[in-house]
Amino acid sequence: MRYQPVVSPIHLPVPLDPLWTMIFVAVVILAALLVAKRAAYAVALLIVVQPFAFQHDLFQTTVTLPKATLLGVLLGLAVVPGWRAALRERPVRNVLVALAVLICAVAATAAVASQPGATLRETLKWFEYLLVFAAICTAYRRDPDDALFVRCWAIVAIVVAVLALLQEVVGAPSGLVLNGEVIPRIAGPLEGPNQLAGYLEISLAALCAWCGRDRLIGFAIPLACCALALTFSRGGIAGAAIAVAIVFVVAPQVRPLLARSIAIGAILGAALVGAWNAITHAGLTPPWPSPSPAYAGGVGYRRELWRAAIDFWRSHPLLGIGAGNFELDLPEVGLSGVRTHANSWYLQALAEGGIVLFLATLALIGTILGTLARRLREASPWQTAAFAATIAFALHQIVDDLVFYPKVGATWWILVGLGASAASAKWRS
């Protein structure tokens with residue numbers, strides 16, 4: 001049997017059955033009990049479960065491990081005394097207001113949407129992000145166990161990177177054509193290589209800011225860098241480089257260990273990329289089947305998607321075509337057989353929400369950066385990490401729409417929540 005570098009996954013609806021219903025209910029109960037016992041477990045649980053969905057369909061929505069965990073975390077935090085105090089503090093409150101404005105902008109597009117159900121799902125996704133952010137801020141103010149959070153982030157980054165690197169052996173969900181041969185683009189438990197790259201750039205910002213504080217970070221950073229290189233995601237690699245560079249400039253105390261960890265990961269990643277280049281020159285992988293040029297595996301091409309987004313915005317400049325409707329309305333602009341987002345957060349906002357959602361998106365990013373930038377050189381590593389990750393994430397999403405995917409979007413909001421909470425602690429003092 002010849003090695004297959006790409007194994008196209010088959011995505012079939014998985015209905016919620018009695019067994020998984022009991023599992024998800026158990027997750028909710030266990031998370032609530034743990035968080036009621038100690039608030040720090042809320043942050044730890046949300047960090048650990050984000051990359052692993054175990055998605056099951058229920059009516060027009062999905063039930064996932066992160067959603068069940070978040071519900072349990074919120075129930076547990078509800079019995080924690082003084083949980084409202086964290087949400088009233090200025091740094092957290094500013095971000096919450098900006099996020100609430102964006103949610104209102106998303107919901108308002110239901111008035112013009114041809115598929116209001118899709119707009120409702122998109123609104124609920126952003127509301128889920130708000131709940132994640134609020135839960136992180138509440139738990140961190142009550143029980144800021146940085147050592148626990150850093151270790152959990154390092155462990156889950158290692159697991160995600162290892163699962164992704166294993167796809168070099170068992171086959172990846174997508175590939176890249178080089179010299180007429182195909183090489184795998186790993187994704188691990190994420191939806192695709194660009195999503196894995198987005199997840200890793202956020203994780204690298206967090207781990208680099210805490211470099212030297214835990215031994216596991218010394219393993220996590222090289223593995224994450226190696227996996228990132230093998231995603232072949234140009235936006236993700238550039239975003240991670242920007243995040244690491246910001247941490248390197250702002251936090252001089254981590255520079256020696258950080259430089260060594262990044263160098264090890266970069267060398268490993270470059271060596272594996274070079275090995276694949278040699279393999280393709282030797283013709284040891286099977287030829288890439290020629291797909292239909294208009295279909296591109298159901299995700300289209302960026303130039304087509306960007307053109308479609310601009311066309312939608314020009315025809316609906318104020319409120320767009322409705323949040324969540326871009327992928328459903330693509331046949332109207334001639335992209336039949338394609339169902340995906342616009343491959344740009346900003347063009348997606350313009351197409352689905354017009355100038356209103358676009359401005360709300362810019363205001364949210366500006367509010368987060370303005371909140372995190374204050375007294376940055378004296379700040380907690382969480383504040384530094386969140387600032388670096390947000391800049392990298394905002395730039396990366398010029399060519400990708402990563403908040404479209406809860407695994408990546410919620411991970412960003414966890415880090416933003418930790419950064420805003422650290423800024424709140426300094427503001428209180």
# chains A, B, ... in the order shown; residues from 1 in each chain; ligands from 1
call {"tool": "residues_around", "arguments": {"residues": "segment 377-385 of chain A", "least_positions_apart": "6", "cutoff": "10 Å", "atoms": "only C-alpha atoms", "output": "ChimeraX atom specification"}}
result
/A:146,150,202-211,243-244,246-247,249-252,371,415-426
call {"tool": "residues_around", "arguments": {"residues": "Leu196 of chain A", "least_positions_apart": "4", "cutoff": "12 Å", "atoms": "only C-alpha atoms", "output": "PyMOL selection string"}}
result
chain A and resi 51+157+160-161+163-165+173+185-192+200-204+224-225+227-233+235-237+240+402+405+407-409+411
call {"tool": "write_last_selection", "arguments": {"atoms": "C-alpha atoms", "output": "PDB file, in the first residue's frame"}}
result
ATOM      1  CA  PRO A  51      -9.294  22.509  20.733  1.00  0.00           C
ATOM      2  CA  ALA A 157      -0.301  23.022  23.234  1.00  0.00           C
ATOM      3  CA  VAL A 160      -2.361  19.664  19.899  1.00  0.00           C
ATOM      4  CA  ALA A 161       1.091  19.857  18.283  1.00  0.00           C
ATOM      5  CA  LEU A 163      -1.679  15.195  17.260  1.00  0.00           C
ATOM      6  CA  ALA A 164      -0.989  17.491  14.322  1.00  0.00           C
ATOM      7  CA  LEU A 165       2.512  16.108  13.697  1.00  0.00           C
ATOM      8  CA  PRO A 173      -6.872  16.682   5.836  1.00  0.00           C
ATOM      9  CA  ARG A 185      -0.746  20.361   5.535  1.00  0.00           C
ATOM     10  CA  ILE A 186      -1.396  19.284   9.106  1.00  0.00           C
ATOM     11  CA  ALA A 187      -4.373  20.456  11.151  1.00  0.00           C
ATOM     12  CA  GLY A 188      -4.484  18.238  14.259  1.00  0.00           C
ATOM     13  CA  PRO A 189      -7.801  18.554  16.138  1.00  0.00           C
ATOM     14  CA  LEU A 190      -8.541  21.903  14.462  1.00  0.00           C
ATOM     15  CA  GLU A 191     -10.703  22.291  11.342  1.00  0.00           C
ATOM     16  CA  GLY A 192      -7.820  22.939   8.959  1.00  0.00           C
ATOM     17  CA  LEU A 200      -0.718  28.075  17.608  1.00  0.00           C
ATOM     18  CA  GLU A 201       0.051  31.772  17.111  1.00  0.00           C
ATOM     19  CA  ILE A 202      -2.203  32.597  20.086  1.00  0.00           C
ATOM     20  CA  SER A 203      -0.660  29.806  22.163  1.00  0.00           C
ATOM     21  CA  LEU A 204       2.874  30.867  21.252  1.00  0.00           C
ATOM     22  CA  ALA A 224       4.323  24.416  18.444  1.00  0.00           C
ATOM     23  CA  CYS A 225       6.845  26.094  16.116  1.00  0.00           C
ATOM     24  CA  ALA A 227       3.805  22.103  13.843  1.00  0.00           C
ATOM     25  CA  LEU A 228       3.212  25.684  12.729  1.00  0.00           C
ATOM     26  CA  ALA A 229       5.818  25.359   9.971  1.00  0.00           C
ATOM     27  CA  LEU A 230       4.127  22.222   8.653  1.00  0.00           C
ATOM     28  CA  THR A 231       0.755  23.932   8.345  1.00  0.00           C
ATOM     29  CA  PHE A 232       2.314  25.896   5.459  1.00  0.00           C
ATOM     30  CA  SER A 233       0.031  28.761   6.490  1.00  0.00           C
ATOM     31  CA  GLY A 235      -0.614  34.148   7.423  1.00  0.00           C
ATOM     32  CA  GLY A 236      -0.234  31.977  10.518  1.00  0.00           C
ATOM     33  CA  ILE A 237       3.560  31.865  10.352  1.00  0.00           C
ATOM     34  CA  ALA A 240       3.214  34.008  15.051  1.00  0.00           C
ATOM     35  CA  LEU A 402     -10.462  32.742  12.276  1.00  0.00           C
ATOM     36  CA  TYR A 405     -14.199  28.978  14.204  1.00  0.00           C
ATOM     37  CA  LYS A 407     -11.935  26.636  18.705  1.00  0.00           C
ATOM     38  CA  VAL A 408      -9.708  29.511  17.607  1.00  0.00           C
ATOM     39  CA  GLY A 409     -11.948  32.432  18.473  1.00  0.00           C
ATOM     40  CA  THR A 411      -8.920  30.600  22.606  1.00  0.00           C
TER      41      THR A 411
END
call {"tool": "select_by_dssp", "arguments": {"residues": "segment 151-267 of chain A", "states": "helix (DSSP H, G or I)", "output": "PyMOL selection string"}}
result
chain A and resi 151-170+193-209+215-229+234-250+252-267
call {"tool": "residues_around", "arguments": {"residues": "Ile321 of chain A", "least_positions_apart": "6", "cutoff": "8 Å", "atoms": "only C-alpha atoms", "output": "list in words"}}
result
Thr109, Val112, Ala113, Ser114, Phe312, Trp313, Ala351, Glu352, Gly353 and Gly354 of chain A
call {"tool": "residues_around", "arguments": {"residues": "Ile155 of chain A", "least_positions_apart": "2", "cutoff": "12 Å", "atoms": "only C-alpha atoms", "output": "list in words"}}
result
Ala44, Ile47, Val48, Val49, Leu148, Phe149, Val150, Arg151, Cys152, Trp153, Ala157, Ile158, Val159, Val160, Ala161, Val162, Ser203, Leu207, Asp214, Arg215, Leu216, Ile217, Gly218, Phe219, Ala220, Ile221, Leu223 and Ala224 of chain A
call {"tool": "closest_residue", "arguments": {"among": "A:Leu372, A:Ala98, A:Ala111, A:Ala392", "to": "Ile242 of chain A", "atoms": "only C-alpha atoms"}}
result
A:Ala392
call {"tool": "residues_around", "arguments": {"residues": "segment 118-131 of chain A", "least_positions_apart": "5", "cutoff": "7 Å", "atoms": "only C-alpha atoms", "output": "PyMOL selection string"}}
result
chain A and resi 99+103+106-107+110+322-325+410+413
call {"tool": "write_last_selection", "arguments": {"atoms": "C-alpha atoms", "output": "compact mmCIF listing (two decimals), in the first residue's frame"}}
result
# COMPACT_ATOMS: atom_id res chain seq x y z
CA LEU A 99 -18.10 43.28 22.49
CA ILE A 103 -23.10 41.55 19.14
CA VAL A 106 -24.47 41.22 14.30
CA ALA A 107 -28.03 40.76 15.58
CA ALA A 110 -31.26 39.78 10.87
CA GLY A 322 -26.95 39.30 7.13
CA ALA A 323 -24.49 37.65 9.50
CA GLY A 324 -23.89 34.00 8.67
CA ASN A 325 -25.36 34.41 5.18
CA ALA A 410 -12.63 31.25 22.03
CA TRP A 413 -10.91 35.42 24.04
call {"tool": "closest_residue", "arguments": {"among": "A:Ala134, A:Ala197, A:Leu369, A:Ala86", "to": "Ala238 of chain A", "atoms": "only C-alpha atoms"}}
result
A:Ala197
